[in-house]
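One structure is given below, encoded as structure tokens.
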Amino acid sequence: MTQPTPTHFRATFAGLLLAMLLASLDQTIVATALPTIVGDLGGIDQLAWVVTAYLLGATVTMPLWGRAGDLYGRKPLFLAAIAVFLCGSALSGAAQDLTQLIGFRALQGLGAGGLMTLAMAIVAEIVSPRERGRYQGYIQMVFVIASVAGPLLGGVFADHLSWRWVFYVNLPIGALTIALIVSSLKLPTERRPARIDATGAALLAAGLTSLLLVTTWGGRQYAWDSAEIAGLAVAAVALLGLFVAQERRAAEPILPLRLFREPVFVVVSGALFLTTLAFFAVIVYMPVYLQVVTGVSATASGFLLLPLMLAATASTAASGRVMSRTGRYKVFPVAGLSLMAVGLLLLAQIGTATAHLTVAALLVLFGLGFGMVSQVLTVAIQNNVERRDLGIATASANLFRSLGGSVGVAVFGALFAGGLDGPLSATTAADALHSVFLAAAPVAALGALVVLTLKEVPLRHA
């Protein structure tokens, strides 16, 4: 465990929080600027790819960044990830057509995969598992800021400056992040004589890309039973099968299969997948309820989601402090996922006449539950692995979380579309949302049952 001085620690932690802010902000800031971007560059038929390209780039490279950090040192890889992200940001801001923008957004995503993964792995290096819970509230606060400020900033830039500032704003923040990390982060140089498993990385990236395209295109771009979706599904299975075969014989596998023999790793990965899947039912479709059913503006709907985010931040901070004091953590994700399930069941009952105050109370309940799960499980998985696997374990946690989000968007999108009885209206949307929230509740409940099987390993002091 690396022990920086208090001054270096504060500067390093600030830099890590800024890096997480960059990566999470770019998942939300673009959405409200998309109509303006299309009005300027054209290509409305490719609109979704401005978001999808970023998410694909980030998701498929998470294991590569994590493993490379384990092998070659996290500080240089982290700085490289920031540089790639800023390069993609600058080029995205300068894009002259939508095809260019999609390509540059993919490049930005490649860097973002490293930003989030390596930042969380570095936190694990400089803070012991026992103490890490105290800092989870700050990390959760970053996601709250990104969730709330992203759409607002995107609208402000598009309306009053230029949509290009949606991307250019990353440059000064990124420059400050680099300055803080270069000057304050001191990690032991422990480069191991090993080569990255390029074949495994390529097979995993291709397999995950095929899988994510199935969830992205299925039911939207192509019918679920179309030849295109079937072909992608077959390709995903074949490529991931080849990846497993490659990992069995690779000297330094990109995702060591021995991790899947660890019950804690398997349980936490499955729970994170289910947690994020259920979470996306609320984070994607509550704005639909607020805007379509209750008739508030996009900006107002963002503010009305604030109770959820603030509740999640509060419960993350509280559970983190208890974890640090006791070294125990299993009770939190069990209770949190149970609260999420109850919250979803209650949200399934809301309709056109439900008061905003009632909705806010239900969102607080759901948020209190969510705040006790995601960051706590990340600490659990980091606590259980050896230092040599810290990066890839953290990357895997992020990977399963990201896959849960992608599958959630696809599944709940199909349920919402199937539940619409006629054109989108306040009445038809309320009926369709009922099926979305009702379907998400057992997903959260299943997550609670999965976590019940978790073998709790008391948090280490070092």
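Each chain in the structure tokens gets a letter, A, B and so on, in the order shown; residues start at 1 in every chain, and ligands are counted from 1 in the order they appear.
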Inset, instruction - Excluding range 278-288 of chain A and any residue of its chain fewer than 4 positions from it, enumerate the residues within 7 Å of it, using only C-alpha atoms, and give them as number ranges by chain. - result: A: 274, 292, 301, 405, 408-409, 412, 436-437, 440, 443-444
Go through range 246-346 of chain A and flag each residue having an atom no more than 6 Å from range 135-153 of chain A; for those, report the closest pair of atoms plus their distance in Å to one decimal, using only C-alpha atoms, ordered by chain and rising number, as CSV.
```
residue,atom,partner,partner_atom,distance
A:Met309,CA,A:Val144,CA,5.5
A:Thr313,CA,A:Gln140,CA,5.5
A:Thr316,CA,A:Gly137,CA,5.3
A:Ala317,CA,A:Gly137,CA,4.1
```
Let me see the file: selected residues, N, CA and C atoms, as a PDB file, in the first residue's frame.
```pdb
ATOM      1  N   MET A 309     -30.253  11.428  -6.523  1.00  0.00           N
ATOM      2  CA  MET A 309     -28.796  11.527  -6.501  1.00  0.00           C
ATOM      3  C   MET A 309     -28.278  11.938  -5.122  1.00  0.00           C
ATOM      4  N   THR A 313     -25.865   9.752  -2.652  1.00  0.00           N
ATOM      5  CA  THR A 313     -24.620  10.282  -2.103  1.00  0.00           C
ATOM      6  C   THR A 313     -24.587  10.141  -0.588  1.00  0.00           C
ATOM      7  N   THR A 316     -24.180   6.455   0.404  1.00  0.00           N
ATOM      8  CA  THR A 316     -22.822   6.004   0.095  1.00  0.00           C
ATOM      9  C   THR A 316     -21.846   6.477   1.169  1.00  0.00           C
ATOM     10  N   ALA A 317     -21.961   7.749   1.531  1.00  0.00           N
ATOM     11  CA  ALA A 317     -21.065   8.306   2.552  1.00  0.00           C
ATOM     12  C   ALA A 317     -21.280   7.628   3.897  1.00  0.00           C
TER      13      ALA A 317
END
```
Legend entry - Who sits within 12 Å of Ala360 in chain A, only C-alpha atoms, same chain under 3 positions skipped, as a list in words: Met286, Leu290, Ser301, Phe303, Leu304, Leu305, Leu306, Pro307, Leu308, Met309, Leu310, Ala311, Gly343, Leu346, Leu347, Ile350, Thr354, Ala355, His356, Leu357, Leu363, Val364, Leu365, Phe366 and Gly367 of chain A
Could you write out that same residue set with C-alpha atoms as a compact mmCIF listing (two decimals), in the first residue's frame?
```txt
# COMPACT_ATOMS: atom_id res chain seq x y z
CA MET A 286 -38.07 8.76 -14.89
CA LEU A 290 -41.62 13.67 -15.67
CA SER A 301 -36.90 16.99 -14.91
CA PHE A 303 -33.73 18.98 -11.02
CA LEU A 304 -36.57 16.64 -10.01
CA LEU A 305 -34.11 13.72 -10.19
CA LEU A 306 -31.86 15.50 -7.69
CA PRO A 307 -33.48 13.79 -4.63
CA LEU A 308 -32.41 10.41 -6.00
CA MET A 309 -28.80 11.53 -6.50
CA LEU A 310 -28.54 13.32 -3.15
CA ALA A 311 -30.00 10.31 -1.34
CA GLY A 343 -38.79 1.53 -4.60
CA LEU A 346 -43.84 1.62 -5.64
CA LEU A 347 -42.73 3.58 -8.71
CA ILE A 350 -47.36 6.22 -10.10
CA THR A 354 -49.26 11.42 -8.59
CA ALA A 355 -47.86 14.48 -6.78
CA HIS A 356 -44.25 15.51 -7.40
CA LEU A 357 -43.61 15.28 -3.65
CA LEU A 363 -36.84 8.47 -5.64
CA VAL A 364 -35.20 9.13 -2.25
CA LEU A 365 -36.06 5.57 -1.19
CA PHE A 366 -34.59 4.15 -4.41
CA GLY A 367 -31.52 6.40 -4.16
```
Legend entry - Surrounding residues of Gly114 in chain A excluding itself and chain neighbours under 3 positions, 7 Å, only C-alpha atoms, as a list in words: Met62, Trp65, Phe78, Ala81, Gly111, Thr117 and Leu118 of chain A
Those residues with N, CA and C atoms, as a tab-separated table (two decimals), in the first residue's frame please?
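Contents of the output file out-v3.tsv:
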```tsv
chain	number	residue	atom	x	y	z
A	62	MET	N	-11.97	-1.14	-21.23
A	62	MET	CA	-11.75	-1.17	-19.77
A	62	MET	C	-10.81	-2.29	-19.33
A	65	TRP	N	-7.08	-1.46	-20.38
A	65	TRP	CA	-6.46	-0.44	-19.53
A	65	TRP	C	-6.13	-1.02	-18.16
A	78	PHE	N	-2.38	5.98	-16.83
A	78	PHE	CA	-3.44	6.94	-16.49
A	78	PHE	C	-3.22	8.25	-17.25
A	81	ALA	N	-4.18	7.70	-20.79
A	81	ALA	CA	-5.64	7.69	-20.97
A	81	ALA	C	-6.19	9.11	-21.02
A	111	GLY	N	-10.17	6.64	-24.40
A	111	GLY	CA	-9.51	7.25	-23.25
A	111	GLY	C	-10.35	7.18	-21.99
A	117	THR	N	-11.39	3.42	-15.00
A	117	THR	CA	-10.80	2.20	-14.46
A	117	THR	C	-9.53	2.47	-13.66
A	118	LEU	N	-8.61	3.24	-14.25
A	118	LEU	CA	-7.33	3.48	-13.59
A	118	LEU	C	-7.47	4.42	-12.40
```
Inset, instruction - Within 12 Å of Pro129 in chain A, counting only C-alpha atoms, which residues show up once you throw out same-chain ones fewer than 6 positions away? Write them as a PyMOL selection string, please. - result: chain A and resi 1+121+123+135-136+320-321+323-329+375-385+387+390+457-462
So that I have them on file, write out the residues from the current selection with N, CA and C atoms, as a JSON list (two decimals), in the first residue's frame.
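Contents of out30.json, as written:
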```
[["chain", "number", "residue", "atom", "x", "y", "z"],
["A", 1, "MET", "N", 0.84, -1.20, 0.00],
["A", 1, "MET", "CA", 0.00, 0.00, 0.00],
["A", 1, "MET", "C", 0.88, 1.24, 0.00],
["A", 121, "ALA", "N", -8.59, 2.27, -9.60],
["A", 121, "ALA", "CA", -7.51, 1.37, -9.18],
["A", 121, "ALA", "C", -6.45, 2.14, -8.39],
["A", 123, "VAL", "N", -7.00, 4.84, -6.56],
["A", 123, "VAL", "CA", -7.60, 5.05, -5.23],
["A", 123, "VAL", "C", -7.33, 3.82, -4.35],
["A", 135, "TYR", "N", -14.05, 7.54, 1.62],
["A", 135, "TYR", "CA", -13.90, 8.39, 0.44],
["A", 135, "TYR", "C", -14.92, 8.09, -0.65],
["A", 136, "GLN", "N", -15.76, 7.05, -0.43],
["A", 136, "GLN", "CA", -16.73, 6.69, -1.46],
["A", 136, "GLN", "C", -17.77, 7.78, -1.68],
["A", 320, "GLY", "N", -20.06, 4.04, 3.83],
["A", 320, "GLY", "CA", -18.60, 4.05, 3.78],
["A", 320, "GLY", "C", -17.98, 4.28, 5.14],
["A", 321, "ARG", "N", -18.55, 5.19, 5.91],
["A", 321, "ARG", "CA", -18.01, 5.46, 7.26],
["A", 321, "ARG", "C", -18.18, 4.26, 8.17],
["A", 323, "MET", "N", -18.38, 1.14, 7.17],
["A", 323, "MET", "CA", -17.42, 0.15, 6.66],
["A", 323, "MET", "C", -16.03, 0.40, 7.22],
["A", 324, "SER", "N", -15.61, 1.67, 7.20],
["A", 324, "SER", "CA", -14.27, 2.01, 7.69],
["A", 324, "SER", "C", -14.13, 1.71, 9.18],
["A", 325, "ARG", "N", -15.21, 1.90, 9.92],
["A", 325, "ARG", "CA", -15.14, 1.72, 11.37],
["A", 325, "ARG", "C", -15.21, 0.24, 11.75],
["A", 326, "THR", "N", -16.00, -0.54, 11.02],
["A", 326, "THR", "CA", -16.24, -1.94, 11.41],
["A", 326, "THR", "C", -15.50, -2.96, 10.56],
["A", 327, "GLY", "N", -15.15, -2.58, 9.33],
["A", 327, "GLY", "CA", -14.54, -3.55, 8.41],
["A", 327, "GLY", "C", -15.54, -4.49, 7.78],
["A", 328, "ARG", "N", -16.83, -4.29, 8.02],
["A", 328, "ARG", "CA", -17.88, -5.16, 7.48],
["A", 328, "ARG", "C", -18.70, -4.41, 6.44],
["A", 329, "TYR", "N", -19.26, -5.12, 5.48],
["A", 329, "TYR", "CA", -19.92, -4.43, 4.37],
["A", 329, "TYR", "C", -21.09, -5.18, 3.75],
["A", 375, "GLN", "N", -20.66, 1.32, -4.99],
["A", 375, "GLN", "CA", -19.32, 1.62, -4.49],
["A", 375, "GLN", "C", -18.87, 0.61, -3.43],
["A", 376, "VAL", "N", -19.81, 0.14, -2.63],
["A", 376, "VAL", "CA", -19.48, -0.85, -1.60],
["A", 376, "VAL", "C", -18.98, -2.14, -2.24],
["A", 377, "LEU", "N", -19.65, -2.59, -3.30],
["A", 377, "LEU", "CA", -19.24, -3.82, -3.97],
["A", 377, "LEU", "C", -17.89, -3.65, -4.67],
["A", 378, "THR", "N", -17.61, -2.45, -5.16],
["A", 378, "THR", "CA", -16.30, -2.21, -5.77],
["A", 378, "THR", "C", -15.19, -2.37, -4.73],
["A", 379, "VAL", "N", -15.40, -1.84, -3.53],
["A", 379, "VAL", "CA", -14.43, -2.01, -2.45],
["A", 379, "VAL", "C", -14.28, -3.50, -2.11],
["A", 380, "ALA", "N", -15.38, -4.23, -2.09],
["A", 380, "ALA", "CA", -15.35, -5.66, -1.76],
["A", 380, "ALA", "C", -14.49, -6.43, -2.74],
["A", 381, "ILE", "N", -14.63, -6.12, -4.03],
["A", 381, "ILE", "CA", -13.87, -6.85, -5.04],
["A", 381, "ILE", "C", -12.39, -6.49, -4.99],
["A", 382, "GLN", "N", -12.08, -5.21, -4.71],
["A", 382, "GLN", "CA", -10.69, -4.80, -4.58],
["A", 382, "GLN", "C", -10.04, -5.41, -3.35],
["A", 383, "ASN", "N", -10.80, -5.56, -2.29],
["A", 383, "ASN", "CA", -10.29, -6.11, -1.03],
["A", 383, "ASN", "C", -9.91, -7.58, -1.16],
["A", 384, "ASN", "N", -10.53, -8.27, -2.12],
["A", 384, "ASN", "CA", -10.38, -9.72, -2.21],
["A", 384, "ASN", "C", -9.27, -10.18, -3.16],
["A", 385, "VAL", "N", -8.71, -9.28, -3.97],
["A", 385, "VAL", "CA", -7.72, -9.70, -4.96],
["A", 385, "VAL", "C", -6.33, -9.28, -4.54],
["A", 387, "ARG", "N", -2.58, -7.60, -5.19],
["A", 387, "ARG", "CA", -2.24, -6.31, -5.79],
["A", 387, "ARG", "C", -1.97, -6.44, -7.29],
["A", 390, "LEU", "N", -5.18, -5.94, -9.14],
["A", 390, "LEU", "CA", -6.04, -4.84, -8.69],
["A", 390, "LEU", "C", -6.66, -4.09, -9.86],
["A", 457, "VAL", "N", -15.31, -10.99, 3.34],
["A", 457, "VAL", "CA", -13.92, -10.99, 3.78],
["A", 457, "VAL", "C", -13.67, -9.65, 4.47],
["A", 458, "PRO", "N", -13.44, -9.62, 5.78],
["A", 458, "PRO", "CA", -13.26, -8.35, 6.49],
["A", 458, "PRO", "C", -12.23, -7.46, 5.79],
["A", 459, "LEU", "N", -12.50, -6.17, 5.74],
["A", 459, "LEU", "CA", -11.63, -5.24, 5.01],
["A", 459, "LEU", "C", -10.26, -5.16, 5.64],
["A", 460, "ARG", "N", -9.25, -5.19, 4.78],
["A", 460, "ARG", "CA", -7.86, -5.11, 5.24],
["A", 460, "ARG", "C", -7.49, -3.70, 5.65],
["A", 461, "HIS", "N", -6.50, -3.58, 6.51],
["A", 461, "HIS", "CA", -5.96, -2.28, 6.90],
["A", 461, "HIS", "C", -4.87, -1.83, 5.94],
["A", 462, "ALA", "N", -4.38, -2.72, 5.09],
["A", 462, "ALA", "CA", -3.30, -2.38, 4.16],
["A", 462, "ALA", "C", -3.41, -3.21, 2.91]]
```
Inset, instruction - Extract the full set of helix (DSSP H, G or I) residues from range 234-404 of chain A according to DSSP on the backbone, and format it as a PyMOL selection string. - result: chain A and resi 234-249+257-261+263-293+298-304+306-326+331-347+356-371+374-384+387-404
Produce a file of the selected residues containing C-alpha atoms, as a short mmCIF file (atom, residue, chain, number, x, y, z; two decimals), in the first residue's frame.
```cif
data_model
loop_
_atom_site.label_atom_id
_atom_site.label_comp_id
_atom_site.auth_asym_id
_atom_site.auth_seq_id
_atom_site.Cartn_x
_atom_site.Cartn_y
_atom_site.Cartn_z
CA VAL A 234 -23.47 -15.64 -33.22
CA ALA A 235 -20.34 -13.53 -33.68
CA ALA A 236 -20.44 -12.44 -30.02
CA VAL A 237 -20.68 -16.06 -28.80
CA ALA A 238 -17.94 -17.25 -31.16
CA LEU A 239 -15.54 -14.40 -30.40
CA LEU A 240 -16.01 -14.64 -26.64
CA GLY A 241 -15.53 -18.43 -26.88
CA LEU A 242 -12.25 -17.88 -28.74
CA PHE A 243 -11.31 -15.31 -26.11
CA VAL A 244 -11.75 -17.88 -23.31
CA ALA A 245 -9.63 -20.37 -25.24
CA GLN A 246 -6.93 -17.74 -25.76
CA GLU A 247 -6.91 -16.78 -22.07
CA ARG A 248 -6.34 -20.40 -21.06
CA ARG A 249 -3.00 -20.47 -22.87
CA LEU A 257 -9.69 -16.75 -15.80
CA ARG A 258 -8.48 -17.53 -12.27
CA LEU A 259 -10.53 -14.53 -11.14
CA PHE A 260 -13.70 -16.44 -12.05
CA ARG A 261 -12.67 -19.16 -9.60
CA PRO A 263 -16.50 -16.67 -5.41
CA VAL A 264 -16.30 -13.04 -4.28
CA PHE A 265 -15.35 -11.89 -7.79
CA VAL A 266 -18.18 -13.86 -9.41
CA VAL A 267 -20.84 -12.76 -6.91
CA VAL A 268 -19.82 -9.09 -6.99
CA SER A 269 -19.65 -9.02 -10.81
CA GLY A 270 -23.12 -10.54 -11.09
CA ALA A 271 -24.53 -8.19 -8.46
CA LEU A 272 -23.05 -5.11 -10.15
CA PHE A 273 -24.56 -6.21 -13.48
CA LEU A 274 -28.03 -6.62 -11.93
CA THR A 275 -27.75 -3.41 -9.90
CA THR A 276 -26.93 -1.25 -12.92
CA LEU A 277 -29.55 -3.00 -15.04
CA ALA A 278 -32.24 -2.09 -12.49
CA PHE A 279 -30.82 1.42 -11.98
CA PHE A 280 -31.17 2.25 -15.68
CA ALA A 281 -34.91 1.62 -15.53
CA VAL A 282 -35.16 4.68 -13.27
CA ILE A 283 -32.42 6.92 -14.61
CA VAL A 284 -33.60 6.56 -18.23
CA TYR A 285 -37.39 6.41 -17.80
CA MET A 286 -38.07 8.76 -14.89
CA PRO A 287 -37.27 11.74 -17.18
CA VAL A 288 -39.80 10.28 -19.64
CA TYR A 289 -42.39 10.15 -16.87
CA LEU A 290 -41.62 13.67 -15.67
CA GLN A 291 -41.59 15.26 -19.13
CA VAL A 292 -44.28 13.30 -20.97
CA VAL A 293 -46.67 12.38 -18.16
CA ALA A 298 -36.15 18.83 -19.66
CA THR A 299 -34.27 21.14 -17.28
CA ALA A 300 -36.95 20.78 -14.59
CA SER A 301 -36.90 16.99 -14.91
CA GLY A 302 -33.16 17.07 -14.25
CA PHE A 303 -33.73 18.98 -11.02
CA LEU A 304 -36.57 16.64 -10.01
CA LEU A 306 -31.86 15.50 -7.69
CA PRO A 307 -33.48 13.79 -4.63
CA LEU A 308 -32.41 10.41 -6.00
CA MET A 309 -28.80 11.53 -6.50
CA LEU A 310 -28.54 13.32 -3.15
CA ALA A 311 -30.00 10.31 -1.34
CA ALA A 312 -27.51 8.02 -3.11
CA THR A 313 -24.62 10.28 -2.10
CA ALA A 314 -25.77 10.39 1.52
CA SER A 315 -26.16 6.62 1.84
CA THR A 316 -22.82 6.00 0.10
CA ALA A 317 -21.07 8.31 2.55
CA ALA A 318 -22.84 6.82 5.58
CA SER A 319 -22.23 3.19 4.57
CA GLY A 320 -18.60 4.05 3.78
CA ARG A 321 -18.01 5.46 7.26
CA VAL A 322 -19.54 2.41 8.90
CA MET A 323 -17.42 0.15 6.66
CA SER A 324 -14.27 2.01 7.69
CA ARG A 325 -15.14 1.72 11.37
CA THR A 326 -16.24 -1.94 11.41
CA VAL A 331 -25.30 -5.89 4.97
CA PHE A 332 -25.24 -2.73 2.84
CA PRO A 333 -25.70 -4.19 -0.68
CA VAL A 334 -28.30 -6.66 0.65
CA ALA A 335 -30.29 -3.84 2.24
CA GLY A 336 -29.64 -1.50 -0.67
CA LEU A 337 -30.86 -3.85 -3.38
CA SER A 338 -33.91 -4.69 -1.25
CA LEU A 339 -34.74 -0.97 -0.96
CA MET A 340 -34.27 -0.60 -4.73
CA ALA A 341 -36.72 -3.45 -5.34
CA VAL A 342 -39.32 -1.90 -3.02
CA GLY A 343 -38.79 1.53 -4.60
CA LEU A 344 -39.32 0.10 -8.09
CA LEU A 345 -42.52 -1.66 -7.02
CA LEU A 346 -43.84 1.62 -5.64
CA LEU A 347 -42.73 3.58 -8.71
CA HIS A 356 -44.25 15.51 -7.40
CA LEU A 357 -43.61 15.28 -3.65
CA THR A 358 -44.68 11.62 -3.66
CA VAL A 359 -42.44 10.88 -6.63
CA ALA A 360 -39.53 12.65 -4.90
CA ALA A 361 -40.05 10.50 -1.77
CA LEU A 362 -39.98 7.31 -3.85
CA LEU A 363 -36.84 8.47 -5.64
CA VAL A 364 -35.20 9.13 -2.25
CA LEU A 365 -36.06 5.57 -1.19
CA PHE A 366 -34.59 4.15 -4.41
CA GLY A 367 -31.52 6.40 -4.16
CA LEU A 368 -30.83 5.42 -0.55
CA GLY A 369 -30.79 1.81 -1.71
CA PHE A 370 -28.59 2.39 -4.75
CA GLY A 371 -26.03 4.34 -2.73
CA SER A 374 -22.28 0.01 -6.26
CA GLN A 375 -19.32 1.62 -4.49
CA VAL A 376 -19.48 -0.85 -1.60
CA LEU A 377 -19.24 -3.82 -3.97
CA THR A 378 -16.30 -2.21 -5.77
CA VAL A 379 -14.43 -2.01 -2.45
CA ALA A 380 -15.35 -5.66 -1.76
CA ILE A 381 -13.87 -6.85 -5.04
CA GLN A 382 -10.69 -4.80 -4.58
CA ASN A 383 -10.29 -6.11 -1.03
CA ASN A 384 -10.38 -9.72 -2.21
CA ARG A 387 -2.24 -6.31 -5.79
CA ARG A 388 -1.09 -7.77 -9.13
CA ASP A 389 -4.76 -8.10 -10.19
CA LEU A 390 -6.04 -4.84 -8.69
CA GLY A 391 -6.35 -3.04 -12.02
CA ILE A 392 -8.08 -5.82 -13.92
CA ALA A 393 -10.42 -6.56 -10.99
CA THR A 394 -11.47 -2.90 -10.89
CA ALA A 395 -11.82 -2.86 -14.68
CA SER A 396 -13.98 -5.98 -14.53
CA ALA A 397 -16.26 -4.37 -11.95
CA ASN A 398 -16.67 -1.39 -14.28
CA LEU A 399 -17.15 -3.70 -17.26
CA PHE A 400 -20.02 -5.64 -15.69
CA ARG A 401 -21.54 -2.38 -14.49
CA SER A 402 -21.35 -0.99 -18.04
CA LEU A 403 -22.79 -4.16 -19.55
CA GLY A 404 -25.67 -3.98 -17.09
#
```
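If you measure from each of A:Thr52, A:Gly154, A:Phe416, A:Ile173 to Gly219 in chain A using only C-alpha atoms, the closest one turns out to be A:Phe416.
For the pair CA of Ala83 in chain A and CA of Leu107 in chain A, the separation is 10.8 Å.
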Inset, instruction - Identify, on the basis of only C-alpha atoms, every residue whose closest approach to Ala201 in chain A does not exceed 9 Å; exclude the query and any residue fewer than 5 positions from it along the same chain; express the result as a PyMOL selection string. - result: chain A and resi 60-61+63-64+196+206+243+253-255
Would you write out those residues with N, CA and C atoms, as a compact mmCIF listing (two decimals), in the first residue's frame?
```txt
# COMPACT_ATOMS: atom_id res chain seq x y z
N VAL A 60 -15.34 -1.48 -24.16
CA VAL A 60 -14.50 -2.58 -24.67
C VAL A 60 -13.04 -2.42 -24.29
N THR A 61 -12.61 -1.22 -23.90
CA THR A 61 -11.20 -1.03 -23.55
C THR A 61 -10.93 -1.07 -22.05
N PRO A 63 -11.03 -3.55 -19.77
CA PRO A 63 -10.11 -4.61 -19.34
C PRO A 63 -8.68 -4.38 -19.82
N LEU A 64 -8.52 -3.83 -21.03
CA LEU A 64 -7.18 -3.58 -21.56
C LEU A 64 -6.43 -2.56 -20.71
N ILE A 196 1.65 -7.58 -23.11
CA ILE A 196 0.20 -7.59 -23.07
C ILE A 196 -0.34 -8.62 -24.05
N ALA A 206 -13.68 -7.29 -29.72
CA ALA A 206 -14.59 -7.63 -30.82
C ALA A 206 -15.85 -8.33 -30.30
N PHE A 243 -12.01 -16.08 -27.14
CA PHE A 243 -11.31 -15.31 -26.11
C PHE A 243 -10.99 -16.19 -24.90
N PRO A 253 -2.69 -13.26 -19.39
CA PRO A 253 -4.03 -13.02 -19.97
C PRO A 253 -4.56 -11.63 -19.66
N ILE A 254 -5.33 -11.10 -20.60
CA ILE A 254 -5.91 -9.76 -20.43
C ILE A 254 -6.97 -9.77 -19.33
N LEU A 255 -7.66 -10.90 -19.17
CA LEU A 255 -8.65 -11.09 -18.09
C LEU A 255 -8.41 -12.48 -17.52
```
